[in-house]
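Raw protein_19.cif, mmCIF, C-alpha atoms:
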data_model
#
loop_
_atom_site.group_PDB
_atom_site.id
_atom_site.type_symbol
_atom_site.label_atom_id
_atom_site.label_comp_id
_atom_site.auth_asym_id
_atom_site.auth_seq_id
_atom_site.Cartn_x
_atom_site.Cartn_y
_atom_site.Cartn_z
ATOM 1 C CA MET A 1 0.000 0.000 0.000
ATOM 2 C CA THR A 2 1.402 3.411 -0.953
ATOM 3 C CA ALA A 3 1.843 6.257 1.539
ATOM 4 C CA ALA A 4 -0.983 8.152 -0.173
ATOM 5 C CA ASN A 5 -3.338 5.217 0.467
ATOM 6 C CA LEU A 6 -2.122 4.787 4.040
ATOM 7 C CA PHE A 7 -3.104 8.359 4.853
ATOM 8 C CA TRP A 8 -6.032 8.789 2.475
ATOM 9 C CA PRO A 9 -8.351 11.549 3.774
ATOM 10 C CA SER A 10 -11.510 10.423 5.535
ATOM 11 C CA ASP A 11 -15.075 11.716 5.632
ATOM 12 C CA TYR A 12 -14.059 13.511 8.832
ATOM 13 C CA SER A 13 -11.391 15.506 7.009
ATOM 14 C CA GLY A 14 -13.924 16.228 4.279
ATOM 15 C CA MET A 15 -16.172 17.979 6.805
ATOM 16 C CA ILE A 16 -13.349 20.340 7.763
ATOM 17 C CA VAL A 17 -12.278 20.912 4.150
ATOM 18 C CA ASN A 18 -15.857 21.770 3.204
ATOM 19 C CA HIS A 19 -16.151 24.278 6.055
ATOM 20 C CA LEU A 20 -12.880 25.966 5.101
ATOM 21 C CA ARG A 21 -13.863 26.182 1.440
ATOM 22 C CA SER A 22 -17.198 27.717 2.447
ATOM 23 C CA ASN A 23 -15.444 30.218 4.733
ATOM 24 C CA PRO A 24 -12.107 31.050 3.044
ATOM 25 C CA SER A 25 -11.492 34.086 5.257
ATOM 26 C CA LEU A 26 -10.761 31.668 8.117
ATOM 27 C CA ALA A 27 -7.498 30.741 6.350
ATOM 28 C CA GLN A 28 -6.670 33.729 4.165
ATOM 29 C CA GLY A 29 -3.613 35.559 5.508
ATOM 30 C CA ARG A 30 -3.633 33.438 8.669
ATOM 31 C CA ARG A 31 -1.050 31.543 10.701
ATOM 32 C CA VAL A 32 -2.219 27.933 10.782
ATOM 33 C CA CYS A 33 -1.362 24.863 12.850
ATOM 34 C CA ASP A 34 -2.499 21.400 11.728
ATOM 35 C CA ILE A 35 -2.154 18.828 14.528
ATOM 36 C CA GLY A 36 -1.801 15.225 13.342
ATOM 37 C CA THR A 37 -1.669 16.278 9.704
ATOM 38 C CA GLY A 38 -1.692 12.797 8.092
ATOM 39 C CA SER A 39 -2.053 13.361 4.352
ATOM 40 C CA GLY A 40 -1.740 17.115 4.926
ATOM 41 C CA ILE A 41 -5.157 17.760 3.381
ATOM 42 C CA LEU A 42 -6.326 20.215 6.048
ATOM 43 C CA ALA A 43 -3.215 22.395 5.996
ATOM 44 C CA ALA A 44 -3.029 22.089 2.197
ATOM 45 C CA THR A 45 -6.581 23.434 1.974
ATOM 46 C CA ALA A 46 -5.613 26.354 4.220
ATOM 47 C CA LEU A 47 -2.574 27.081 2.025
ATOM 48 C CA HIS A 48 -4.711 26.888 -1.100
ATOM 49 C CA LEU A 49 -7.041 29.468 0.458
ATOM 50 C CA GLY A 50 -4.191 31.859 1.237
ATOM 51 C CA ALA A 51 -2.731 30.951 4.635
ATOM 52 C CA VAL A 52 0.632 32.697 5.085
ATOM 53 C CA ASP A 53 2.372 30.385 7.575
ATOM 54 C CA VAL A 54 1.640 26.738 8.361
ATOM 55 C CA VAL A 55 2.991 24.403 11.023
ATOM 56 C CA ALA A 56 1.959 20.747 10.656
ATOM 57 C CA THR A 57 2.766 17.958 13.099
ATOM 58 C CA ASP A 58 2.597 14.179 12.938
ATOM 59 C CA LEU A 59 4.266 11.209 14.605
ATOM 60 C CA ASP A 60 4.781 9.448 11.292
ATOM 61 C CA VAL A 61 7.603 10.617 9.011
ATOM 62 C CA ASP A 62 5.823 9.059 6.008
ATOM 63 C CA ALA A 63 2.829 11.284 6.734
ATOM 64 C CA LEU A 64 5.084 14.342 6.833
ATOM 65 C CA THR A 65 6.662 13.382 3.513
ATOM 66 C CA LEU A 66 3.238 13.063 1.925
ATOM 67 C CA ALA A 67 2.085 16.339 3.495
ATOM 68 C CA ARG A 68 5.120 18.136 2.095
ATOM 69 C CA GLN A 69 4.202 16.902 -1.387
ATOM 70 C CA SER A 70 0.641 18.138 -0.889
ATOM 71 C CA PHE A 71 1.793 21.561 0.291
ATOM 72 C CA THR A 72 4.231 22.130 -2.546
ATOM 73 C CA ARG A 73 1.608 21.013 -5.050
ATOM 74 C CA VAL A 74 -0.997 23.577 -3.971
ATOM 75 C CA ALA A 75 1.304 26.415 -2.834
ATOM 76 C CA PRO A 76 4.903 25.951 -4.040
ATOM 77 C CA ASP A 77 6.064 29.288 -2.610
ATOM 78 C CA ALA A 78 4.323 28.918 0.745
ATOM 79 C CA ARG A 79 6.019 29.076 4.145
ATOM 80 C CA PHE A 80 5.532 25.890 6.146
ATOM 81 C CA ASP A 81 7.160 23.786 8.834
ATOM 82 C CA LEU A 82 6.683 20.017 9.111
ATOM 83 C CA ARG A 83 7.425 18.750 12.600
ATOM 84 C CA GLN A 84 7.661 15.171 13.784
ATOM 85 C CA GLY A 85 6.196 14.485 17.201
ATOM 86 C CA SER A 86 3.016 13.860 19.156
ATOM 87 C CA LEU A 87 0.307 16.509 19.056
ATOM 88 C CA TRP A 88 1.622 19.783 20.562
ATOM 89 C CA GLU A 89 5.029 18.410 21.618
ATOM 90 C CA PRO A 90 6.975 19.657 18.563
ATOM 91 C CA VAL A 91 5.322 23.104 18.689
ATOM 92 C CA ALA A 92 7.045 25.862 20.658
ATOM 93 C CA PRO A 93 5.127 26.447 23.938
ATOM 94 C CA THR A 94 4.748 30.177 23.234
ATOM 95 C CA ALA A 95 3.671 29.845 19.594
ATOM 96 C CA CYS A 96 0.197 31.183 18.823
ATOM 97 C CA PHE A 97 -1.947 30.648 15.735
ATOM 98 C CA ASP A 98 -4.975 32.212 14.102
ATOM 99 C CA LEU A 99 -6.347 28.873 12.934
ATOM 100 C CA VAL A 100 -5.869 25.404 14.436
ATOM 101 C CA LEU A 101 -7.065 22.332 12.532
ATOM 102 C CA ALA A 102 -7.251 18.710 13.667
ATOM 103 C CA ASN A 103 -8.785 15.401 12.674
ATOM 104 C CA LEU A 104 -7.358 13.149 15.366
ATOM 105 C CA PRO A 105 -7.778 9.424 16.070
ATOM 106 C CA ASN A 106 -10.750 9.171 18.418
ATOM 107 C CA PHE A 107 -12.369 5.830 17.713
ATOM 108 C CA PRO A 108 -13.064 4.061 21.031
ATOM 109 C CA ALA A 109 -10.831 0.988 20.669
ATOM 110 C CA GLU A 110 -7.458 -0.281 21.870
ATOM 111 C CA VAL A 111 -6.556 -1.781 18.508
ATOM 112 C CA ILE A 112 -8.176 -2.182 15.093
ATOM 113 C CA SER A 113 -7.298 -4.880 12.584
ATOM 114 C CA THR A 114 -6.721 -2.768 9.480
ATOM 115 C CA ASN A 115 -6.109 -3.721 5.894
ATOM 116 C CA GLY A 116 -2.673 -2.164 5.423
ATOM 117 C CA ARG A 117 -3.288 0.925 7.578
ATOM 118 C CA ARG A 118 -1.003 1.862 10.459
ATOM 119 C CA ALA A 119 -1.764 0.028 13.721
ATOM 120 C CA THR A 120 -2.580 3.403 15.318
ATOM 121 C CA TRP A 121 -4.982 4.415 12.536
ATOM 122 C CA SER A 122 -8.166 5.826 14.058
ATOM 123 C CA VAL A 123 -7.405 4.283 17.485
ATOM 124 C CA GLY A 124 -8.243 6.572 20.397
ATOM 125 C CA GLY A 125 -7.971 4.144 23.323
ATOM 126 C CA ALA A 126 -10.803 2.488 25.244
ATOM 127 C CA ASP A 127 -12.677 5.757 25.793
ATOM 128 C CA GLY A 128 -11.562 7.300 22.464
ATOM 129 C CA ARG A 129 -9.992 10.305 24.176
ATOM 130 C CA GLN A 130 -6.254 9.549 24.348
ATOM 131 C CA ALA A 131 -5.470 12.108 21.607
ATOM 132 C CA ILE A 132 -8.455 14.439 21.989
ATOM 133 C CA ASP A 133 -7.861 15.306 25.657
ATOM 134 C CA PRO A 134 -4.196 16.432 25.340
ATOM 135 C CA PHE A 135 -5.159 18.343 22.185
ATOM 136 C CA LEU A 136 -7.879 20.182 24.117
ATOM 137 C CA ALA A 137 -5.546 20.801 27.069
ATOM 138 C CA GLY A 138 -2.991 22.559 24.872
ATOM 139 C CA LEU A 139 -5.399 24.447 22.642
ATOM 140 C CA PRO A 140 -6.266 27.601 24.677
ATOM 141 C CA GLN A 141 -2.663 28.780 25.018
ATOM 142 C CA ARG A 142 -1.879 28.061 21.331
ATOM 143 C CA LEU A 143 -4.909 29.916 19.957
ATOM 144 C CA ASP A 144 -4.340 33.643 19.510
ATOM 145 C CA PHE A 145 -6.971 36.230 20.417
ATOM 146 C CA GLY A 146 -9.595 36.197 17.692
ATOM 147 C CA GLY A 147 -8.381 32.754 16.573
ATOM 148 C CA THR A 148 -10.451 29.724 15.611
ATOM 149 C CA ALA A 149 -9.991 25.980 16.082
ATOM 150 C CA ILE A 150 -11.854 23.514 13.868
ATOM 151 C CA PHE A 151 -11.837 19.786 14.540
ATOM 152 C CA THR A 152 -13.962 16.655 14.298
ATOM 153 C CA GLN A 153 -14.926 14.169 16.976
ATOM 154 C CA ASN A 154 -16.998 11.022 17.274
ATOM 155 C CA ARG A 155 -19.919 11.931 19.497
ATOM 156 C CA CYS A 156 -19.745 8.596 21.298
ATOM 157 C CA VAL A 157 -16.482 9.609 22.997
ATOM 158 C CA GLY A 158 -18.240 12.450 24.812
ATOM 159 C CA LEU A 159 -19.385 15.590 23.029
ATOM 160 C CA GLY A 160 -20.525 17.210 26.279
ATOM 161 C CA LEU A 161 -17.170 16.475 27.929
ATOM 162 C CA THR A 162 -15.290 18.095 25.043
ATOM 163 C CA LEU A 163 -17.453 21.214 25.050
ATOM 164 C CA ASP A 164 -17.018 21.543 28.831
ATOM 165 C CA LYS A 165 -13.219 21.328 28.507
ATOM 166 C CA LEU A 166 -13.208 23.996 25.800
ATOM 167 C CA ARG A 167 -15.335 26.353 27.874
ATOM 168 C CA GLU A 168 -13.161 25.759 30.928
ATOM 169 C CA GLY A 169 -10.243 26.902 28.756
ATOM 170 C CA GLY A 170 -12.037 30.190 28.063
ATOM 171 C CA LEU A 171 -13.107 29.336 24.510
ATOM 172 C CA VAL A 172 -16.489 29.931 22.878
ATOM 173 C CA THR A 173 -17.718 26.724 21.261
ATOM 174 C CA GLU A 174 -20.244 25.615 18.679
ATOM 175 C CA VAL A 175 -21.155 22.361 16.939
ATOM 176 C CA LEU A 176 -21.457 23.519 13.337
ATOM 177 C CA ASP A 177 -22.378 20.271 11.636
ATOM 178 C CA SER A 178 -22.962 16.573 12.242
ATOM 179 C CA ALA A 179 -22.892 13.552 9.970
ATOM 180 C CA LEU A 180 -23.500 9.820 10.215
ATOM 181 C CA VAL A 181 -20.440 7.905 8.987
ATOM 182 C CA PRO A 182 -20.789 4.145 8.410
ATOM 183 C CA ILE A 183 -18.222 1.843 9.993
ATOM 184 C CA GLY A 184 -17.184 -1.562 8.714
ATOM 185 C CA PRO A 185 -16.885 -4.955 10.432
ATOM 186 C CA GLU A 186 -13.275 -4.360 11.508
ATOM 187 C CA LYS A 187 -14.338 -1.353 13.576
ATOM 188 C CA ILE A 188 -17.609 -2.848 14.796
ATOM 189 C CA GLY A 189 -15.652 -5.774 16.217
ATOM 190 C CA ALA A 190 -13.112 -3.509 17.917
ATOM 191 C CA ILE A 191 -15.391 -0.896 19.467
ATOM 192 C CA SER A 192 -14.995 -0.477 23.222
ATOM 193 C CA GLN A 193 -17.822 -0.665 25.722
ATOM 194 C CA ALA A 194 -16.301 2.282 27.599
ATOM 195 C CA CYS A 195 -17.812 4.951 25.328
ATOM 196 C CA PRO A 196 -18.828 7.992 27.402
ATOM 197 C CA GLU A 197 -21.785 8.711 25.082
ATOM 198 C CA PRO A 198 -23.086 5.493 23.472
ATOM 199 C CA SER A 199 -26.022 7.351 21.890
ATOM 200 C CA GLY A 200 -23.464 8.531 19.321
ATOM 201 C CA ILE A 201 -23.476 5.010 17.842
ATOM 202 C CA VAL A 202 -26.466 4.456 15.567
ATOM 203 C CA GLU A 203 -27.590 1.063 14.284
ATOM 204 C CA VAL A 204 -30.073 0.746 11.413
ATOM 205 C CA ALA A 205 -31.032 -2.575 9.840
ATOM 206 C CA GLY A 206 -27.835 -4.218 11.043
ATOM 207 C CA PHE A 207 -25.576 -1.420 9.776
ATOM 208 C CA VAL A 208 -23.656 0.744 12.237
ATOM 209 C CA PHE A 209 -22.942 4.457 11.967
ATOM 210 C CA LEU A 210 -21.001 6.902 14.115
ATOM 211 C CA CYS A 211 -22.326 10.404 14.644
ATOM 212 C CA VAL A 212 -19.431 12.751 13.856
ATOM 213 C CA ASP A 213 -19.501 16.373 14.989
ATOM 214 C CA LEU A 214 -17.702 19.339 13.439
ATOM 215 C CA ILE A 215 -16.682 21.499 16.388
ATOM 216 C CA VAL A 216 -15.514 25.106 16.282
ATOM 217 C CA ALA A 217 -13.885 26.884 19.213
ATOM 218 C CA GLU A 218 -12.946 30.568 19.242
ATOM 219 C CA ARG A 219 -10.797 32.704 21.499
ATOM 220 C CA ILE A 220 -12.586 36.015 21.640
ATOM 221 C CA ALA A 221 -10.398 38.984 20.729
ATOM 222 C CA ASN A 222 -9.038 40.970 23.656
ATOM 223 C CA PRO A 223 -9.155 44.686 22.799
ATOM 224 C CA GLY A 224 -6.261 45.348 25.193
ATOM 225 C CA GLN A 225 -4.005 42.791 23.526
ATOM 226 C CA ASP A 226 -2.097 43.117 20.292
ATOM 227 C CA ALA A 227 -3.753 40.601 17.996
ATOM 228 C CA ASP A 228 -0.738 40.592 15.730
ATOM 229 C CA ILE A 229 1.711 38.920 18.134
ATOM 230 C CA ALA A 230 4.218 37.063 16.008
ATOM 231 C CA MET A 231 4.851 33.393 16.640
ATOM 232 C CA SER A 232 7.794 33.190 19.012
ATOM 233 C CA ASP A 233 9.157 30.199 17.141
ATOM 234 C CA SER A 234 12.426 30.394 15.253
ATOM 235 C CA GLY A 235 10.434 31.154 12.108
ATOM 236 C CA PRO A 236 9.316 28.730 9.403
ATOM 237 C CA GLN A 237 11.454 27.858 6.411
ATOM 238 C CA THR A 238 9.900 26.709 3.203
ATOM 239 C CA GLY A 239 9.583 22.925 3.259
ATOM 240 C CA ALA A 240 11.595 22.482 6.456
ATOM 241 C CA TYR A 241 11.453 19.447 8.713
ATOM 242 C CA ILE A 242 12.114 19.863 12.426
#
Whole structure, structure tokens version:
Amino acid sequence: MTAANLFWPSDYSGMIVNHLRSNPSLAQGRRVCDIGTGSGILAATALHLGAVDVVATDLDVDALTLARQSFTRVAPDARFDLRQGSLWEPVAPTACFDLVLANLPNFPAEVISTNGRRATWSVGGADGRQAIDPFLAGLPQRLDFGGTAIFTQNRCVGLGLTLDKLREGGLVTEVLDSALVPIGPEKIGAISQACPEPSGIVEVAGFVFLCVDLIVAERIANPGQDADIAMSDSGPQTGAYI
């Protein structure tokens, strides 16, 4: 299986891409961070819409290689950093962004038998929150005043819990869209019984669907703060790996 197939964008990514394309001002001229970039489709969409700086992280070097190809294809002169590491770890603690994007593994399972995919593909641990919770914990300090975060989550892993965590971090939240995404036998057999919100799993005529939510969180602009604070990183270099 090729790297492109290994990291082929999902319906979840499609929800975020569609929202960005419908609201291009979210990306235009913005500093963007894509956490767990995979194929790079989310950051590539932001670059295509006019983002000026992009930082993209992923644990998998093959994902970063594929993302680099995606970025140079849509915006060959763009400024971007590709950083290997888990979630926020490779991002400077004081770096702030105007737009944060994420489609993280949050399927409630310890392991999924996949046909050629990475063993970690989609796996979010028994409660589905092993990537979502550290992402949420680091989000408020990485989102600049007036900034927006857009991410997807399976409702069964606790929509209410996620919204509470965002509000506790001082962010204004909204569920913009929801979709039912069918899951196959390999996921049905792996799904954990520890789901915080089992109503997010829908069964119809023997077929199983997950309710997926598109969540937006905003850090309201502070009139007493300079909204143009530069990222206190070392500064991106075109096509650089860190």
(request) Just the residues within 8 Å of segment 28-32 of chain A, please, counting only C-alpha atoms, with nothing from its chain fewer than 3 positions along; format it as a PyMOL selection string. (result) chain A and resi 24-25+43+46+49-55+97-101
(request) Enumerate, as a PyMOL selection string, the residues matched when the PyMOL selection byres ((chain A and resi 182-190) around 7) is run on the file above. (result) chain A and resi 109+111-113+180-181+191-192+208-210
Find the residues around segment 169-174 of chain A up to 10 Å (only C-alpha atoms counted), leave out those fewer than 3 positions away in its own chain, and share them as a PDB file with C-alpha atoms, keeping the file's coordinate frame.
ATOM      1  CA  LEU A 136      -7.879  20.182  24.117  1.00  0.00           C
ATOM      2  CA  ALA A 137      -5.546  20.801  27.069  1.00  0.00           C
ATOM      3  CA  GLY A 138      -2.991  22.559  24.872  1.00  0.00           C
ATOM      4  CA  LEU A 139      -5.399  24.447  22.642  1.00  0.00           C
ATOM      5  CA  PRO A 140      -6.266  27.601  24.677  1.00  0.00           C
ATOM      6  CA  GLN A 141      -2.663  28.780  25.018  1.00  0.00           C
ATOM      7  CA  LEU A 143      -4.909  29.916  19.957  1.00  0.00           C
ATOM      8  CA  GLY A 147      -8.381  32.754  16.573  1.00  0.00           C
ATOM      9  CA  THR A 148     -10.451  29.724  15.611  1.00  0.00           C
ATOM     10  CA  ALA A 149      -9.991  25.980  16.082  1.00  0.00           C
ATOM     11  CA  ILE A 150     -11.854  23.514  13.868  1.00  0.00           C
ATOM     12  CA  THR A 162     -15.290  18.095  25.043  1.00  0.00           C
ATOM     13  CA  LEU A 163     -17.453  21.214  25.050  1.00  0.00           C
ATOM     14  CA  ASP A 164     -17.018  21.543  28.831  1.00  0.00           C
ATOM     15  CA  LYS A 165     -13.219  21.328  28.507  1.00  0.00           C
ATOM     16  CA  LEU A 166     -13.208  23.996  25.800  1.00  0.00           C
ATOM     17  CA  ASP A 177     -22.378  20.271  11.636  1.00  0.00           C
ATOM     18  CA  ASP A 213     -19.501  16.373  14.989  1.00  0.00           C
ATOM     19  CA  LEU A 214     -17.702  19.339  13.439  1.00  0.00           C
ATOM     20  CA  ILE A 215     -16.682  21.499  16.388  1.00  0.00           C
ATOM     21  CA  VAL A 216     -15.514  25.106  16.282  1.00  0.00           C
ATOM     22  CA  ALA A 217     -13.885  26.884  19.213  1.00  0.00           C
ATOM     23  CA  GLU A 218     -12.946  30.568  19.242  1.00  0.00           C
ATOM     24  CA  ARG A 219     -10.797  32.704  21.499  1.00  0.00           C
ATOM     25  CA  ILE A 220     -12.586  36.015  21.640  1.00  0.00           C
TER      26      ILE A 220
END
(request) Select, from A:Ala44, A:Leu64, A:Ala95, A:Thr57, the residue with the minimum atom-to-atom distance to Ala78 of chain A, counting all atoms listed in the file. (result) A:Ala44
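Nearest residue to Cys156 of chain A among A:Gln69, A:Ser22, A:Gln193, A:Ser199 is A:Ser199, counting only C-alpha atoms.
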(request) Please identify all polymer residues within 12 Å of Gly14 of chain A, counting all atoms listed in the file, omitting same-chain residues fewer than 4 positions from it, and present them as a ChimeraX atom specification. (result) /A:8-10,18-21,41-42,45,102-103,151-152,177,179,181,212,214
(message) Set the distance at 10 Å and use all atoms listed in the file: which residues neighbour Leu104 of chain A once local chain neighbours fewer than 2 positions away are removed? I'd like the list as a PyMOL selection string.
(response) chain A and resi 12-13+35-38+87+101-102+106-107+121-124+129-132+135+151-153
Mind writing the picked residues with C-alpha atoms as an mmCIF file, in the coordinates of the input?
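Saved result, selection16.cif, follows:
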data_model
loop_
_atom_site.group_PDB
_atom_site.id
_atom_site.type_symbol
_atom_site.label_atom_id
_atom_site.label_comp_id
_atom_site.auth_asym_id
_atom_site.auth_seq_id
_atom_site.Cartn_x
_atom_site.Cartn_y
_atom_site.Cartn_z
ATOM 1 C CA TYR A 12 -14.059 13.511 8.832
ATOM 2 C CA SER A 13 -11.391 15.506 7.009
ATOM 3 C CA ILE A 35 -2.154 18.828 14.528
ATOM 4 C CA GLY A 36 -1.801 15.225 13.342
ATOM 5 C CA THR A 37 -1.669 16.278 9.704
ATOM 6 C CA GLY A 38 -1.692 12.797 8.092
ATOM 7 C CA LEU A 87 0.307 16.509 19.056
ATOM 8 C CA LEU A 101 -7.065 22.332 12.532
ATOM 9 C CA ALA A 102 -7.251 18.710 13.667
ATOM 10 C CA ASN A 106 -10.750 9.171 18.418
ATOM 11 C CA PHE A 107 -12.369 5.830 17.713
ATOM 12 C CA TRP A 121 -4.982 4.415 12.536
ATOM 13 C CA SER A 122 -8.166 5.826 14.058
ATOM 14 C CA VAL A 123 -7.405 4.283 17.485
ATOM 15 C CA GLY A 124 -8.243 6.572 20.397
ATOM 16 C CA ARG A 129 -9.992 10.305 24.176
ATOM 17 C CA GLN A 130 -6.254 9.549 24.348
ATOM 18 C CA ALA A 131 -5.470 12.108 21.607
ATOM 19 C CA ILE A 132 -8.455 14.439 21.989
ATOM 20 C CA PHE A 135 -5.159 18.343 22.185
ATOM 21 C CA PHE A 151 -11.837 19.786 14.540
ATOM 22 C CA THR A 152 -13.962 16.655 14.298
ATOM 23 C CA GLN A 153 -14.926 14.169 16.976
#
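Residue nearest Val157 of chain A, chosen from A:Ala63, A:Cys211, A:Ala56, A:Ala205 and counting all atoms listed in the file: A:Cys211.
Put simply, atom CA of Ala75 of chain A is 17.1 Å away from atom CA of Leu26 of chain A.
One distance worth recording is that between atom CA of Pro134 of chain A and atom CA of Asp11 of chain A, which is 23.0 Å.
One distance worth recording is that between atom CA of Leu159 of chain A and atom CA of Pro90 of chain A, which is 27.0 Å.
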Kindly output segment 72-98 of chain A as a PDB file, in the frame of the given file, after building N, CA and C atoms.
ATOM      1  N   THR A  72       3.511  21.552  -1.408  1.00  0.00           N
ATOM      2  CA  THR A  72       4.231  22.130  -2.546  1.00  0.00           C
ATOM      3  C   THR A  72       3.397  22.061  -3.818  1.00  0.00           C
ATOM      4  N   ARG A  73       2.473  21.112  -3.872  1.00  0.00           N
ATOM      5  CA  ARG A  73       1.608  21.013  -5.050  1.00  0.00           C
ATOM      6  C   ARG A  73       0.623  22.178  -5.104  1.00  0.00           C
ATOM      7  N   VAL A  74       0.036  22.533  -3.955  1.00  0.00           N
ATOM      8  CA  VAL A  74      -0.997  23.577  -3.971  1.00  0.00           C
ATOM      9  C   VAL A  74      -0.425  24.978  -3.788  1.00  0.00           C
ATOM     10  N   ALA A  75       0.745  25.093  -3.120  1.00  0.00           N
ATOM     11  CA  ALA A  75       1.304  26.415  -2.834  1.00  0.00           C
ATOM     12  C   ALA A  75       2.823  26.310  -2.812  1.00  0.00           C
ATOM     13  N   PRO A  76       3.456  26.207  -3.978  1.00  0.00           N
ATOM     14  CA  PRO A  76       4.903  25.951  -4.040  1.00  0.00           C
ATOM     15  C   PRO A  76       5.771  27.013  -3.371  1.00  0.00           C
ATOM     16  N   ASP A  77       5.270  28.225  -3.226  1.00  0.00           N
ATOM     17  CA  ASP A  77       6.064  29.288  -2.610  1.00  0.00           C
ATOM     18  C   ASP A  77       5.671  29.557  -1.160  1.00  0.00           C
ATOM     19  N   ALA A  78       4.847  28.675  -0.600  1.00  0.00           N
ATOM     20  CA  ALA A  78       4.323  28.918   0.745  1.00  0.00           C
ATOM     21  C   ALA A  78       5.381  28.676   1.812  1.00  0.00           C
ATOM     22  N   ARG A  79       5.164  29.288   2.977  1.00  0.00           N
ATOM     23  CA  ARG A  79       6.019  29.076   4.145  1.00  0.00           C
ATOM     24  C   ARG A  79       5.368  28.017   5.031  1.00  0.00           C
ATOM     25  N   PHE A  80       6.084  26.927   5.268  1.00  0.00           N
ATOM     26  CA  PHE A  80       5.532  25.890   6.146  1.00  0.00           C
ATOM     27  C   PHE A  80       6.641  25.133   6.861  1.00  0.00           C
ATOM     28  N   ASP A  81       6.301  24.657   8.045  1.00  0.00           N
ATOM     29  CA  ASP A  81       7.160  23.786   8.834  1.00  0.00           C
ATOM     30  C   ASP A  81       6.449  22.448   9.009  1.00  0.00           C
ATOM     31  N   LEU A  82       7.190  21.359   8.845  1.00  0.00           N
ATOM     32  CA  LEU A  82       6.683  20.017   9.111  1.00  0.00           C
ATOM     33  C   LEU A  82       7.459  19.473  10.297  1.00  0.00           C
ATOM     34  N   ARG A  83       6.753  19.099  11.358  1.00  0.00           N
ATOM     35  CA  ARG A  83       7.425  18.750  12.600  1.00  0.00           C
ATOM     36  C   ARG A  83       6.988  17.370  13.082  1.00  0.00           C
ATOM     37  N   GLN A  84       7.959  16.523  13.331  1.00  0.00           N
ATOM     38  CA  GLN A  84       7.661  15.171  13.784  1.00  0.00           C
ATOM     39  C   GLN A  84       7.529  15.143  15.301  1.00  0.00           C
ATOM     40  N   GLY A  85       6.420  14.587  15.767  1.00  0.00           N
ATOM     41  CA  GLY A  85       6.196  14.485  17.201  1.00  0.00           C
ATOM     42  C   GLY A  85       4.710  14.338  17.484  1.00  0.00           C
ATOM     43  N   SER A  86       4.387  14.107  18.741  1.00  0.00           N
ATOM     44  CA  SER A  86       3.016  13.860  19.156  1.00  0.00           C
ATOM     45  C   SER A  86       2.290  15.166  19.473  1.00  0.00           C
ATOM     46  N   LEU A  87       1.201  15.391  18.763  1.00  0.00           N
ATOM     47  CA  LEU A  87       0.307  16.509  19.056  1.00  0.00           C
ATOM     48  C   LEU A  87       1.067  17.824  19.198  1.00  0.00           C
ATOM     49  N   TRP A  88       1.002  18.475  20.380  1.00  0.00           N
ATOM     50  CA  TRP A  88       1.622  19.783  20.562  1.00  0.00           C
ATOM     51  C   TRP A  88       3.119  19.710  20.863  1.00  0.00           C
ATOM     52  N   GLU A  89       3.644  18.527  21.145  1.00  0.00           N
ATOM     53  CA  GLU A  89       5.029  18.410  21.618  1.00  0.00           C
ATOM     54  C   GLU A  89       6.047  19.110  20.722  1.00  0.00           C
ATOM     55  N   PRO A  90       5.958  19.002  19.386  1.00  0.00           N
ATOM     56  CA  PRO A  90       6.975  19.657  18.563  1.00  0.00           C
ATOM     57  C   PRO A  90       6.720  21.142  18.302  1.00  0.00           C
ATOM     58  N   VAL A  91       5.661  21.689  18.893  1.00  0.00           N
ATOM     59  CA  VAL A  91       5.322  23.104  18.689  1.00  0.00           C
ATOM     60  C   VAL A  91       5.853  23.913  19.870  1.00  0.00           C
ATOM     61  N   ALA A  92       6.503  25.019  19.590  1.00  0.00           N
ATOM     62  CA  ALA A  92       7.045  25.862  20.658  1.00  0.00           C
ATOM     63  C   ALA A  92       5.930  26.261  21.629  1.00  0.00           C
ATOM     64  N   PRO A  93       6.176  26.183  22.942  1.00  0.00           N
ATOM     65  CA  PRO A  93       5.127  26.447  23.938  1.00  0.00           C
ATOM     66  C   PRO A  93       4.502  27.829  23.827  1.00  0.00           C
ATOM     67  N   THR A  94       5.265  28.805  23.309  1.00  0.00           N
ATOM     68  CA  THR A  94       4.748  30.177  23.234  1.00  0.00           C
ATOM     69  C   THR A  94       4.183  30.523  21.851  1.00  0.00           C
ATOM     70  N   ALA A  95       4.187  29.572  20.944  1.00  0.00           N
ATOM     71  CA  ALA A  95       3.671  29.845  19.594  1.00  0.00           C
ATOM     72  C   ALA A  95       2.155  29.977  19.621  1.00  0.00           C
ATOM     73  N   CYS A  96       1.640  30.972  18.925  1.00  0.00           N
ATOM     74  CA  CYS A  96       0.197  31.183  18.823  1.00  0.00           C
ATOM     75  C   CYS A  96      -0.207  31.201  17.353  1.00  0.00           C
ATOM     76  N   PHE A  97      -1.450  30.777  17.102  1.00  0.00           N
ATOM     77  CA  PHE A  97      -1.947  30.648  15.735  1.00  0.00           C
ATOM     78  C   PHE A  97      -3.331  31.275  15.613  1.00  0.00           C
ATOM     79  N   ASP A  98      -3.641  31.666  14.391  1.00  0.00           N
ATOM     80  CA  ASP A  98      -4.975  32.212  14.102  1.00  0.00           C
ATOM     81  C   ASP A  98      -5.983  31.114  13.812  1.00  0.00           C
TER      82      ASP A  98
END
